[in-house]
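upload.csv (CSV, C-alpha atoms and all ligand atoms) appears below.
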chain,number,residue,atom,x,y,z
Y,180,MET,CA,61.4,20.9,28.4
Y,181,LYS,CA,58.4,20.2,30.6
Y,182,ILE,CA,54.9,21.3,29.3
Y,183,VAL,CA,52.2,22.1,31.8
Y,184,LEU,CA,48.6,22.8,31.2
Y,185,ALA,CA,46.7,25.2,33.5
Y,186,GLU,CA,44.2,23.4,35.8
Y,187,HIS,CA,41.3,25.3,34.2
Y,188,LEU,CA,41.6,26.5,30.6
Y,189,GLY,CA,39.8,26.9,27.4
Y,190,MET,CA,36.2,26.9,26.4
Y,191,CYS,CA,33.6,27.4,29.1
Y,192,PHE,CA,30.2,25.8,29.2
Y,193,GLY,CA,28.5,29.1,28.1
Y,194,VAL,CA,30.5,29.2,24.9
Y,195,LYS,CA,30.1,25.5,24.2
Y,196,ASP,CA,26.3,25.7,24.6
Y,197,ALA,CA,26.2,28.7,22.4
Y,198,VAL,CA,28.1,27.0,19.6
Y,199,ALA,CA,26.0,23.9,19.9
Y,200,LEU,CA,22.8,26.0,19.7
Y,201,ALA,CA,24.0,27.8,16.6
Y,202,LEU,CA,24.8,24.5,14.9
Y,203,GLU,CA,21.5,22.9,15.9
Y,204,THR,CA,19.5,25.9,14.7
Y,205,ALA,CA,21.5,26.2,11.4
Y,206,ARG,CA,20.6,22.5,10.6
Y,207,ARG,CA,16.9,23.5,10.6
Y,208,GLU,CA,17.0,26.9,9.0
Y,209,PRO,CA,19.3,29.6,7.6
Y,210,LEU,CA,20.8,31.5,10.5
Y,211,THR,CA,22.5,34.8,11.0
Y,212,ILE,CA,24.5,35.5,14.2
Y,213,LEU,CA,24.5,39.2,15.2
Y,214,GLY,CA,28.2,39.9,16.0
Y,215,ASP,CA,30.8,37.2,16.7
Y,216,LEU,CA,29.1,34.4,18.6
Y,217,VAL,CA,32.4,34.1,20.5
Y,218,HIS,CA,35.6,36.1,20.2
Y,219,ASN,CA,37.6,33.3,18.6
Y,220,GLU,CA,38.6,33.4,14.9
Y,221,THR,CA,38.8,29.6,14.6
Y,222,VAL,CA,35.3,29.0,16.0
Y,223,VAL,CA,33.8,31.8,13.9
Y,224,ALA,CA,35.5,30.4,10.7
Y,225,GLU,CA,34.0,27.0,11.4
Y,226,LEU,CA,30.5,28.4,11.9
Y,227,ARG,CA,30.8,30.3,8.6
Y,228,ALA,CA,32.0,27.1,6.9
Y,229,ARG,CA,28.7,25.4,8.0
Y,230,GLY,CA,26.8,28.2,6.2
Y,231,ILE,CA,26.1,30.3,9.3
Y,232,ARG,CA,26.2,34.0,8.5
Y,233,VAL,CA,27.6,36.7,10.7
Y,234,ALA,CA,26.2,40.2,10.6
Y,235,GLN,CA,27.9,43.0,12.6
Y,236,GLN,CA,24.9,45.4,12.2
Y,237,PRO,CA,21.2,44.6,12.4
Y,238,ALA,CA,20.8,46.1,8.9
Y,239,ASP,CA,23.0,43.4,7.5
Y,240,ILE,CA,20.7,40.5,8.7
Y,241,ASN,CA,19.2,38.7,5.7
Y,242,THR,CA,17.8,35.5,7.2
Y,243,GLN,CA,14.5,35.1,9.1
Y,244,THR,CA,16.2,33.8,12.2
Y,245,VAL,CA,18.9,35.7,14.0
Y,246,MET,CA,20.9,34.6,17.0
Y,247,VAL,CA,22.0,36.8,19.9
Y,248,THR,CA,25.5,35.9,21.0
Y,249,ALA,CA,26.7,34.3,24.3
Y,250,HIS,CA,27.5,37.8,25.5
Y,251,GLY,CA,23.9,38.7,25.5
Y,252,ALA,CA,22.0,41.8,24.3
Y,253,SER,CA,19.7,44.4,25.8
Y,254,GLU,CA,15.9,43.9,25.8
Y,255,ARG,CA,15.7,47.0,23.6
Y,256,ALA,CA,18.0,45.6,20.9
Y,257,MET,CA,16.1,42.3,20.9
Y,258,ASN,CA,12.7,43.9,20.7
Y,259,GLU,CA,13.9,46.1,17.8
Y,260,THR,CA,15.0,42.9,16.0
Y,261,ARG,CA,11.7,41.2,16.8
Y,262,GLY,CA,9.9,44.4,15.6
Y,263,ARG,CA,11.4,43.8,12.2
Y,264,GLY,CA,9.6,40.5,12.0
Y,265,LEU,CA,12.7,38.4,12.7
Y,266,ASN,CA,12.9,35.3,15.0
Y,267,VAL,CA,15.4,35.8,17.8
Y,268,VAL,CA,17.3,32.8,19.2
Y,269,GLU,CA,19.1,33.6,22.4
Y,270,ALA,CA,22.5,32.1,23.0
Y,271,THR,CA,23.1,34.3,26.0
Y,272,CYS,CA,25.1,32.6,28.7
Y,273,PRO,CA,23.1,32.0,31.9
Y,274,LEU,CA,25.8,33.8,33.8
Y,275,VAL,CA,25.4,36.9,31.6
Y,276,HIS,CA,21.7,36.7,32.5
Y,277,VAL,CA,22.7,36.7,36.1
Y,278,ALA,CA,24.6,40.0,35.6
Y,279,HIS,CA,21.6,41.5,33.7
Y,280,ARG,CA,19.2,40.5,36.6
Y,281,ALA,CA,21.7,42.0,39.1
Y,282,VAL,CA,21.7,45.4,37.3
Y,283,ALA,CA,17.9,45.4,37.0
Y,284,GLN,CA,17.5,44.6,40.7
Y,285,LEU,CA,19.9,47.4,41.8
Y,286,VAL,CA,18.1,49.9,39.6
Y,287,ARG,CA,14.7,48.8,41.1
Y,288,GLU,CA,16.1,49.4,44.5
Y,289,GLY,CA,17.2,52.9,43.6
Y,290,PHE,CA,20.9,52.4,43.1
Y,291,HIS,CA,22.8,54.3,40.4
Y,292,PRO,CA,24.3,51.4,38.3
Y,293,VAL,CA,28.0,51.4,37.7
Y,294,ILE,CA,29.5,48.6,35.6
Y,295,ILE,CA,33.1,47.6,35.7
Y,296,GLY,CA,34.2,46.6,32.2
Y,297,LYS,CA,35.1,47.7,28.7
Y,298,ARG,CA,32.7,50.3,27.4
Y,299,ASP,CA,32.7,49.1,23.8
Y,300,HIS,CA,32.4,45.3,24.6
Y,301,VAL,CA,29.3,43.6,23.2
Y,302,GLU,CA,28.4,42.3,26.7
Y,303,MET,CA,28.6,45.9,28.1
Y,304,ARG,CA,26.3,47.1,25.3
Y,305,GLY,CA,23.9,44.5,26.4
Y,306,LEU,CA,24.2,45.3,30.1
Y,307,THR,CA,23.8,49.0,29.6
Y,308,GLY,CA,21.4,49.1,26.6
Y,309,ASP,CA,18.2,49.2,28.7
Y,310,LEU,CA,19.5,51.8,31.3
Y,311,ALA,CA,18.5,55.4,31.4
Y,312,ALA,CA,21.7,56.4,33.3
Y,313,PHE,CA,24.8,54.5,34.3
Y,314,GLY,CA,28.5,54.7,34.8
Y,315,VAL,CA,31.2,52.5,33.3
Y,316,VAL,CA,34.6,52.2,34.9
Y,317,LEU,CA,37.7,50.3,34.0
Y,318,PHE,CA,40.6,52.5,35.2
Y,319,GLU,CA,41.2,54.7,38.2
Y,320,GLU,CA,40.6,57.8,36.1
Y,321,ASP,CA,37.1,56.5,35.3
Y,322,VAL,CA,36.3,56.5,39.0
Y,323,ALA,CA,37.5,60.1,39.2
Y,324,LYS,CA,34.9,61.0,36.6
Y,325,LEU,CA,31.9,59.6,38.4
Y,326,GLY,CA,29.5,62.2,39.8
Y,327,GLU,CA,28.3,61.9,43.4
Y,328,ARG,CA,25.2,59.8,44.0
Y,329,PRO,CA,23.6,58.7,47.3
Y,330,ARG,CA,23.6,55.1,46.3
Y,331,PHE,CA,25.9,53.2,43.8
Y,332,GLY,CA,25.1,49.7,42.6
Y,333,VAL,CA,28.2,48.1,41.2
Y,334,VAL,CA,28.4,45.0,39.0
Y,335,ALA,CA,31.1,43.7,36.6
Y,336,GLN,CA,31.4,42.4,33.1
Y,337,THR,CA,31.5,38.6,33.6
Y,338,THR,CA,35.1,38.3,32.3
Y,339,GLN,CA,36.8,40.9,34.3
Y,340,PRO,CA,39.5,39.7,36.8
Y,341,ILE,CA,38.0,39.7,40.2
Y,342,ASP,CA,41.1,41.4,41.8
Y,343,ARG,CA,40.7,44.4,39.5
Y,344,VAL,CA,37.0,44.5,40.2
Y,345,ARG,CA,37.5,44.5,44.0
Y,346,TRP,CA,40.2,47.2,43.7
Y,347,LEU,CA,37.8,49.5,41.6
Y,348,VAL,CA,35.0,48.9,44.1
Y,349,GLY,CA,37.4,50.0,46.9
Y,350,LEU,CA,38.2,53.1,44.9
Y,351,ILE,CA,34.5,54.0,44.5
Y,352,ARG,CA,34.0,53.5,48.2
Y,353,ASN,CA,37.0,55.7,49.1
Y,354,ARG,CA,35.9,58.4,46.7
Y,355,PHE,CA,32.3,58.5,48.0
Y,356,PRO,CA,32.5,57.8,51.7
Y,357,GLU,CA,29.1,59.3,52.3
Y,358,SER,CA,27.4,57.2,49.6
Y,359,GLU,CA,26.0,53.7,50.0
Y,360,VAL,CA,28.0,51.4,47.6
Y,361,ARG,CA,26.5,48.0,47.0
Y,362,PHE,CA,28.7,45.5,45.0
Y,363,VAL,CA,27.2,42.4,43.4
Y,364,ASP,CA,29.9,40.1,42.2
Y,365,THR,CA,28.9,39.1,38.7
Y,366,VAL,CA,32.3,37.8,37.5
Y,367,CYS,CA,31.6,34.3,36.3
Y,368,GLN,CA,33.0,31.2,37.9
Y,369,PRO,CA,34.8,29.9,34.8
Y,370,THR,CA,36.6,33.3,34.5
Y,371,LYS,CA,37.7,33.1,38.2
Y,372,GLN,CA,38.9,29.5,37.8
Y,373,ARG,CA,40.9,30.4,34.7
Y,374,GLN,CA,42.4,33.5,36.3
Y,375,ASN,CA,43.4,31.6,39.5
Y,376,ALA,CA,44.8,28.7,37.5
Y,377,ALA,CA,46.8,31.1,35.3
Y,378,ILE,CA,48.4,32.7,38.4
Y,379,GLU,CA,49.4,29.2,39.7
Y,380,LEU,CA,50.7,28.3,36.3
Y,381,ALA,CA,52.7,31.4,35.6
Y,382,GLN,CA,54.4,31.2,39.0
Y,383,LYS,CA,56.0,27.9,38.1
Y,384,CYS,CA,56.9,28.4,34.4
Y,385,ASP,CA,59.8,30.0,32.5
Y,386,ALA,CA,57.4,30.8,29.6
Y,387,VAL,CA,53.6,30.8,29.2
Y,388,VAL,CA,51.6,30.5,26.1
Y,389,VAL,CA,48.1,32.0,26.2
Y,390,ILE,CA,45.8,30.8,23.5
Y,391,GLY,CA,42.8,32.9,22.4
Y,392,GLY,CA,41.2,35.1,19.8
Y,393,THR,CA,42.7,38.6,19.0
Y,394,HIS,CA,39.5,40.3,20.3
Y,395,SER,CA,38.9,38.0,23.3
Y,396,ASN,CA,38.7,40.1,26.4
Y,397,ASN,CA,39.3,37.3,28.8
Y,398,THR,CA,42.3,36.1,26.8
Y,399,HIS,CA,43.9,39.5,27.1
Y,400,GLU,CA,43.2,39.5,30.8
Y,401,LEU,CA,44.9,36.1,31.1
Y,402,VAL,CA,47.9,37.5,29.3
Y,403,LYS,CA,48.0,40.5,31.8
Y,404,THR,CA,47.6,38.2,34.8
Y,405,CYS,CA,50.4,35.7,33.7
Y,406,SER,CA,52.7,38.7,32.9
Y,407,ARG,CA,52.6,39.7,36.6
Y,408,PHE,CA,54.3,36.4,37.5
Y,409,CYS,CA,56.3,35.3,34.4
Y,410,ALA,CA,58.5,37.5,32.1
Y,411,ARG,CA,57.9,35.4,29.0
Y,412,VAL,CA,54.2,35.4,28.1
Y,413,HIS,CA,53.1,34.9,24.5
Y,414,HIS,CA,49.6,35.3,23.1
Y,415,VAL,CA,48.8,33.1,20.1
Y,416,ARG,CA,45.6,32.4,18.2
Y,417,THR,CA,46.8,28.9,17.1
Y,418,ALA,CA,49.9,26.8,16.9
Y,419,ASP,CA,50.8,28.6,13.6
Y,420,ASP,CA,51.7,31.7,15.7
Y,421,LEU,CA,54.3,29.9,17.8
Y,422,ARG,CA,58.0,30.7,17.4
Y,423,GLU,CA,60.9,28.5,18.6
Y,424,ASP,CA,63.0,31.4,19.9
Y,425,TRP,CA,60.4,32.1,22.5
Y,426,PHE,CA,61.4,28.9,24.4
Y,427,VAL,CA,65.2,29.2,24.4
Y,428,ARG,CA,66.5,27.7,27.6
Y,429,ALA,CA,62.9,27.4,29.0
Y,430,GLU,CA,62.7,24.3,31.2
Y,431,THR,CA,59.0,24.6,32.0
Y,432,VAL,CA,56.4,26.0,29.6
Y,433,GLY,CA,52.8,26.6,30.6
Y,434,ILE,CA,49.7,26.6,28.5
Y,435,THR,CA,46.5,28.4,29.3
Y,436,ALA,CA,43.6,29.5,27.0
Y,437,GLY,CA,40.6,31.9,27.0
Y,438,THR,CA,37.0,30.8,27.5
Y,439,SER,CA,36.3,30.7,23.7
Y,440,THR,CA,39.3,28.7,22.7
Y,441,PRO,CA,38.3,25.2,21.4
Y,442,ASP,CA,40.0,22.1,22.7
Y,443,VAL,CA,41.4,21.2,19.3
Y,444,VAL,CA,43.3,24.5,19.1
Y,445,ILE,CA,44.8,23.9,22.6
Y,446,ALA,CA,45.8,20.3,21.5
Y,447,GLY,CA,47.5,21.8,18.5
Y,448,VAL,CA,49.6,24.1,20.6
Y,449,GLU,CA,50.5,21.3,23.0
Y,450,LEU,CA,51.5,19.0,20.2
Y,451,TRP,CA,53.7,21.7,18.6
Y,452,LEU,CA,55.5,22.3,22.0
Y,453,LYS,CA,55.9,18.5,22.6
Y,454,ASN,CA,57.5,18.2,19.1
Y,455,PHE,CA,59.7,21.1,19.8
Y,456,ALA,CA,60.8,19.7,23.2
Y,457,ALA,CA,61.5,16.3,21.5
Y,458,ARG,CA,63.7,18.0,18.8
Y,459,ARG,CA,65.5,20.0,21.4
Y,460,ALA,CA,66.2,17.0,23.6
Y,461,VAL,CA,67.7,15.2,20.6
Y,462,GLN,CA,69.9,18.2,19.8
Y,463,THR,CA,71.0,18.5,23.5
Y,464,ASN,CA,71.9,14.8,23.6
Y,465,GLN,CA,73.9,15.0,20.4
Y,466,THR,CA,75.8,18.1,21.7
Y,467,LYS,CA,76.5,16.2,24.9
Y,468,GLU,CA,77.8,13.1,23.0
Y,469,ILE,CA,80.0,15.2,20.8
Y,470,ARG,CA,81.5,16.9,23.9
Y,471,GLU,CA,82.1,13.5,25.6
Y,472,LEU,CA,83.8,12.2,22.5
Y,473,ALA,CA,86.0,15.3,22.3
Y,474,PHE,CA,86.9,14.9,26.0
Y,475,HIS,CA,87.9,11.2,25.4
Y,476,ASP,CA,89.9,12.1,22.3
Y,477,ALA,CA,91.8,14.8,24.1
Y,501,LIG,S1,33.0,33.5,30.0
Y,501,LIG,FE1,31.5,33.2,31.7
Y,501,LIG,S2,29.8,34.5,31.2
Y,501,LIG,FE2,31.0,34.3,29.3
Y,501,LIG,S3,30.1,32.6,28.3
Y,501,LIG,FE3,31.7,31.7,29.5
Y,501,LIG,S4,30.7,31.1,31.4
Y,501,LIG,FE4,29.4,32.5,30.4
As structure tokens, please, write out the structure in this file.
Ligand code: SF4
Amino acid sequence: MKIVLAEHLGMCFGVKDAVALALETARREPLTILGDLVHNETVVAELRARGIRVAQQPADINTQTVMVTAHGASERAMNETRGRGLNVVEATCPLVHVAHRAVAQLVREGFHPVIIGKRDHVEMRGLTGDLAAFGVVLFEEDVAKLGERPRFGVVAQTTQPIDRVRWLVGLIRNRFPESEVRFVDTVCQPTKQRQNAAIELAQKCDAVVVIGGTHSNNTHELVKTCSRFCARVHHVRTADDLREDWFVRAETVGITAGTSTPDVVIAGVELWLKNFAARRAVQTNQTKEIRELAFHDA
């Protein structure tokens, strides 16, 4: 059994920098992270083990310093936190800042902002939190619900697959042929690279393992993308979730991982598969030898 890694996979620079900033800050002073810094259970558990607290609600913050996650936050939310006398450390990824600036620019130019993404995702709350009016679309039916406007300014959550984003922009343009629809591509480069690499990988594999947190949006998107090209796609958080029966008769198994999956977790999955492949090779050779012996004895 051959094991192939996607050309681009795993933790992006935005997540790596955010984790490093959290660890560095926590060495100096007690730190609370507002929401999961990244959507990966392994990383969050490691941060907690270093004494970093995680609060899901501002009311639960009980340290002087609070960190905004890599997914960013609205100015309003940050000002409210500062208004409570807390120090805010921003771990917002620079590419999320790009999306924030794109929305602000479109609004300044008189466009009605429409954001392609998951309404309840933390990045979306940050992107929409300062807006007086906006639309959110993820499916065709969301486009059908948009009211007519003379000018639409469309951006995307950074981790949305670019194919879906372009398709939705096309639907908006078709639905409102009289309106001006300006699209600013805010899908981040690491997401695009991982999506493209996942397509290449899934096309040449009998089974694909996608590694990432249960709540990781970009991991779920990788699963969906791989499933378009490969019938056996399995989402795992760590090597502990792997099952041998997933790889029966698979000759090539691919590995990809979401942007918040640490290298050590990917290495664990790769090692598990290599060990499995080695055991299977031994079993196959033994079966072959037994058959050959039986043939000679006959
Ligand atoms: S997925 Fe993209 S936007 Fe999000 S942290 Fe990584 S590089 Fe930044």
Closest atom pairs, residues of range 233-259 of chain Y within 12 Å of range 310-327 of chain Y, all atoms listed in the file, as CSV:
residue,atom,partner,partner_atom,distance
Y:Ser253,CA,Y:Leu310,CA,9.2
Y:Glu254,CA,Y:Leu310,CA,10.3
Y:Arg255,CA,Y:Leu310,CA,9.8
Counting all atoms listed in the file, figure out which residue out of Y:Val277, Y:Leu213, Y:Val366, Y:Val233 gets nearest to Thr248 in chain Y.
Y:Leu213
Contacts of ligand LIG 501 (chain Y), 8 Å or closer, only C-alpha atoms and all ligand atoms, given as a list in words:
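Checked against 8 Å with only C-alpha atoms and all ligand atoms; the hits are Met190, Cys191, Phe192, Gly193, Val194, Ala249, His250, Thr271, Cys272, Pro273, Leu274, Val275, Thr337, Thr338, Val366, Cys367, Gln368, Pro369, Thr370, Asn397, Thr438 and Ser439 of chain Y.
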Interatomic distance between CA of Ala418 in chain Y and CA of Gly391 in chain Y?
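One can read the CA of Ala418 in chain Y to CA of Gly391 in chain Y distance as 10.9 Å.
Of the residues listed (Y:Arg428, Y:Arg304, Y:Arg458, Y:Arg416), Y:Arg416 shows the shortest atom-to-atom separation from Val444 in chain Y; distances use all atoms listed in the file.
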Given all atoms listed in the file as the basis, pick out the residue of Y:Gln382, Y:Thr365, Y:Thr260, Y:Thr417 nearest to Ile240 in chain Y.
Y:Thr260
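Closest to Ile434 in chain Y among Y:Glu269, Y:Glu203, Y:Asp364, Y:Glu186 is Y:Glu186, based on only C-alpha atoms.
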How far is it from CA of Glu400 in chain Y to CA of Thr211 in chain Y, in Å with one decimal?
29.0 Å
I'd like to know which of Y:Arg373, Y:Arg261, Y:Lys297, Y:His413 is closest to Asp385 in chain Y, using all atoms listed in the file.
Y:His413
I'd like to know which of Y:Ala386, Y:Ala228, Y:Leu265, Y:Ala234 is closest to Leu452 in chain Y, using all atoms listed in the file.
Y:Ala386
Report, in Å to a single decimal, how far apart CA of Lys453 in chain Y and CA of Lys383 in chain Y are.
18.1 Å
Could you list, as a ChimeraX atom specification, every residue within 12 Å of Gly437 in chain Y, counting only C-alpha atoms and ignoring same-chain residues fewer than 5 positions away?
/Y:185,187-191,194,217-219,338,369-374,376-377,388-402,414-416,442,444-445
Atoms added to range 259-287 of chain Y (N, CA and C atoms), reported as an mmCIF file, keeping the file's coordinate frame:
data_model
loop_
_atom_site.group_PDB
_atom_site.id
_atom_site.type_symbol
_atom_site.label_atom_id
_atom_site.label_comp_id
_atom_site.auth_asym_id
_atom_site.auth_seq_id
_atom_site.Cartn_x
_atom_site.Cartn_y
_atom_site.Cartn_z
ATOM 1 N N GLU Y 259 13.787 45.425 19.147
ATOM 2 C CA GLU Y 259 13.900 46.100 17.800
ATOM 3 C C GLU Y 259 14.027 45.045 16.735
ATOM 4 N N THR Y 260 14.817 44.007 17.025
ATOM 5 C CA THR Y 260 15.000 42.900 16.000
ATOM 6 C C THR Y 260 13.696 42.206 15.786
ATOM 7 N N ARG Y 261 12.997 41.875 16.894
ATOM 8 C CA ARG Y 261 11.700 41.200 16.800
ATOM 9 C C ARG Y 261 10.709 42.099 16.014
ATOM 10 N N GLY Y 262 10.799 43.399 16.279
ATOM 11 C CA GLY Y 262 9.900 44.400 15.600
ATOM 12 C C GLY Y 262 10.069 44.375 14.107
ATOM 13 N N ARG Y 263 11.208 43.908 13.648
ATOM 14 C CA ARG Y 263 11.400 43.800 12.200
ATOM 15 C C ARG Y 263 10.874 42.500 11.648
ATOM 16 N N GLY Y 264 10.200 41.741 12.498
ATOM 17 C CA GLY Y 264 9.600 40.500 12.000
ATOM 18 C C GLY Y 264 10.540 39.305 12.061
ATOM 19 N N LEU Y 265 11.691 39.449 12.710
ATOM 20 C CA LEU Y 265 12.700 38.400 12.700
ATOM 21 C C LEU Y 265 12.502 37.493 13.963
ATOM 22 N N ASN Y 266 12.877 36.216 13.835
ATOM 23 C CA ASN Y 266 12.900 35.300 15.000
ATOM 24 C C ASN Y 266 14.210 35.461 15.717
ATOM 25 N N VAL Y 267 14.143 35.668 17.017
ATOM 26 C CA VAL Y 267 15.400 35.800 17.800
ATOM 27 C C VAL Y 267 15.658 34.550 18.569
ATOM 28 N N VAL Y 268 16.829 33.967 18.361
ATOM 29 C CA VAL Y 268 17.300 32.800 19.200
ATOM 30 C C VAL Y 268 18.339 33.350 20.098
ATOM 31 N N GLU Y 269 18.147 33.099 21.381
ATOM 32 C CA GLU Y 269 19.100 33.600 22.400
ATOM 33 C C GLU Y 269 20.130 32.606 22.764
ATOM 34 N N ALA Y 270 21.408 32.935 22.533
ATOM 35 C CA ALA Y 270 22.500 32.100 23.000
ATOM 36 C C ALA Y 270 23.161 32.665 24.227
ATOM 37 N N THR Y 271 22.486 33.646 24.815
ATOM 38 C CA THR Y 271 23.100 34.300 26.000
ATOM 39 C C THR Y 271 23.423 33.351 27.075
ATOM 40 N N CYS Y 272 24.649 33.458 27.577
ATOM 41 C CA CYS Y 272 25.100 32.600 28.700
ATOM 42 C C CYS Y 272 24.245 32.861 29.918
ATOM 43 N N PRO Y 273 23.847 31.813 30.647
ATOM 44 C CA PRO Y 273 23.100 32.000 31.900
ATOM 45 C C PRO Y 273 23.777 32.948 32.877
ATOM 46 N N LEU Y 274 25.111 32.949 32.856
ATOM 47 C CA LEU Y 274 25.800 33.800 33.800
ATOM 48 C C LEU Y 274 25.839 35.267 33.373
ATOM 49 N N VAL Y 275 25.635 35.507 32.080
ATOM 50 C CA VAL Y 275 25.400 36.900 31.600
ATOM 51 C C VAL Y 275 24.033 37.340 32.038
ATOM 52 N N HIS Y 276 23.066 36.409 31.973
ATOM 53 C CA HIS Y 276 21.700 36.700 32.500
ATOM 54 C C HIS Y 276 21.742 37.110 33.938
ATOM 55 N N VAL Y 277 22.577 36.425 34.701
ATOM 56 C CA VAL Y 277 22.700 36.700 36.100
ATOM 57 C C VAL Y 277 23.129 38.213 36.297
ATOM 58 N N ALA Y 278 24.107 38.626 35.479
ATOM 59 C CA ALA Y 278 24.600 40.000 35.600
ATOM 60 C C ALA Y 278 23.458 40.988 35.166
ATOM 61 N N HIS Y 279 22.682 40.635 34.116
ATOM 62 C CA HIS Y 279 21.600 41.500 33.700
ATOM 63 C C HIS Y 279 20.548 41.645 34.838
ATOM 64 N N ARG Y 280 20.246 40.500 35.475
ATOM 65 C CA ARG Y 280 19.200 40.500 36.600
ATOM 66 C C ARG Y 280 19.775 41.362 37.740
ATOM 67 N N ALA Y 281 21.067 41.260 38.007
ATOM 68 C CA ALA Y 281 21.700 42.000 39.100
ATOM 69 C C ALA Y 281 21.527 43.523 38.888
ATOM 70 N N VAL Y 282 21.806 43.941 37.651
ATOM 71 C CA VAL Y 282 21.700 45.400 37.300
ATOM 72 C C VAL Y 282 20.258 45.831 37.494
ATOM 73 N N ALA Y 283 19.326 45.037 36.936
ATOM 74 C CA ALA Y 283 17.900 45.400 37.000
ATOM 75 C C ALA Y 283 17.442 45.547 38.442
ATOM 76 N N GLN Y 284 17.870 44.598 39.289
ATOM 77 C CA GLN Y 284 17.500 44.600 40.700
ATOM 78 C C GLN Y 284 18.026 45.878 41.406
ATOM 79 N N LEU Y 285 19.295 46.192 41.130
ATOM 80 C CA LEU Y 285 19.900 47.400 41.800
ATOM 81 C C LEU Y 285 19.153 48.646 41.354
ATOM 82 N N VAL Y 286 18.805 48.722 40.070
ATOM 83 C CA VAL Y 286 18.100 49.900 39.600
ATOM 84 C C VAL Y 286 16.711 49.992 40.278
ATOM 85 N N ARG Y 287 16.039 48.826 40.387
ATOM 86 C CA ARG Y 287 14.700 48.800 41.100
ATOM 87 C C ARG Y 287 14.822 49.303 42.488
#
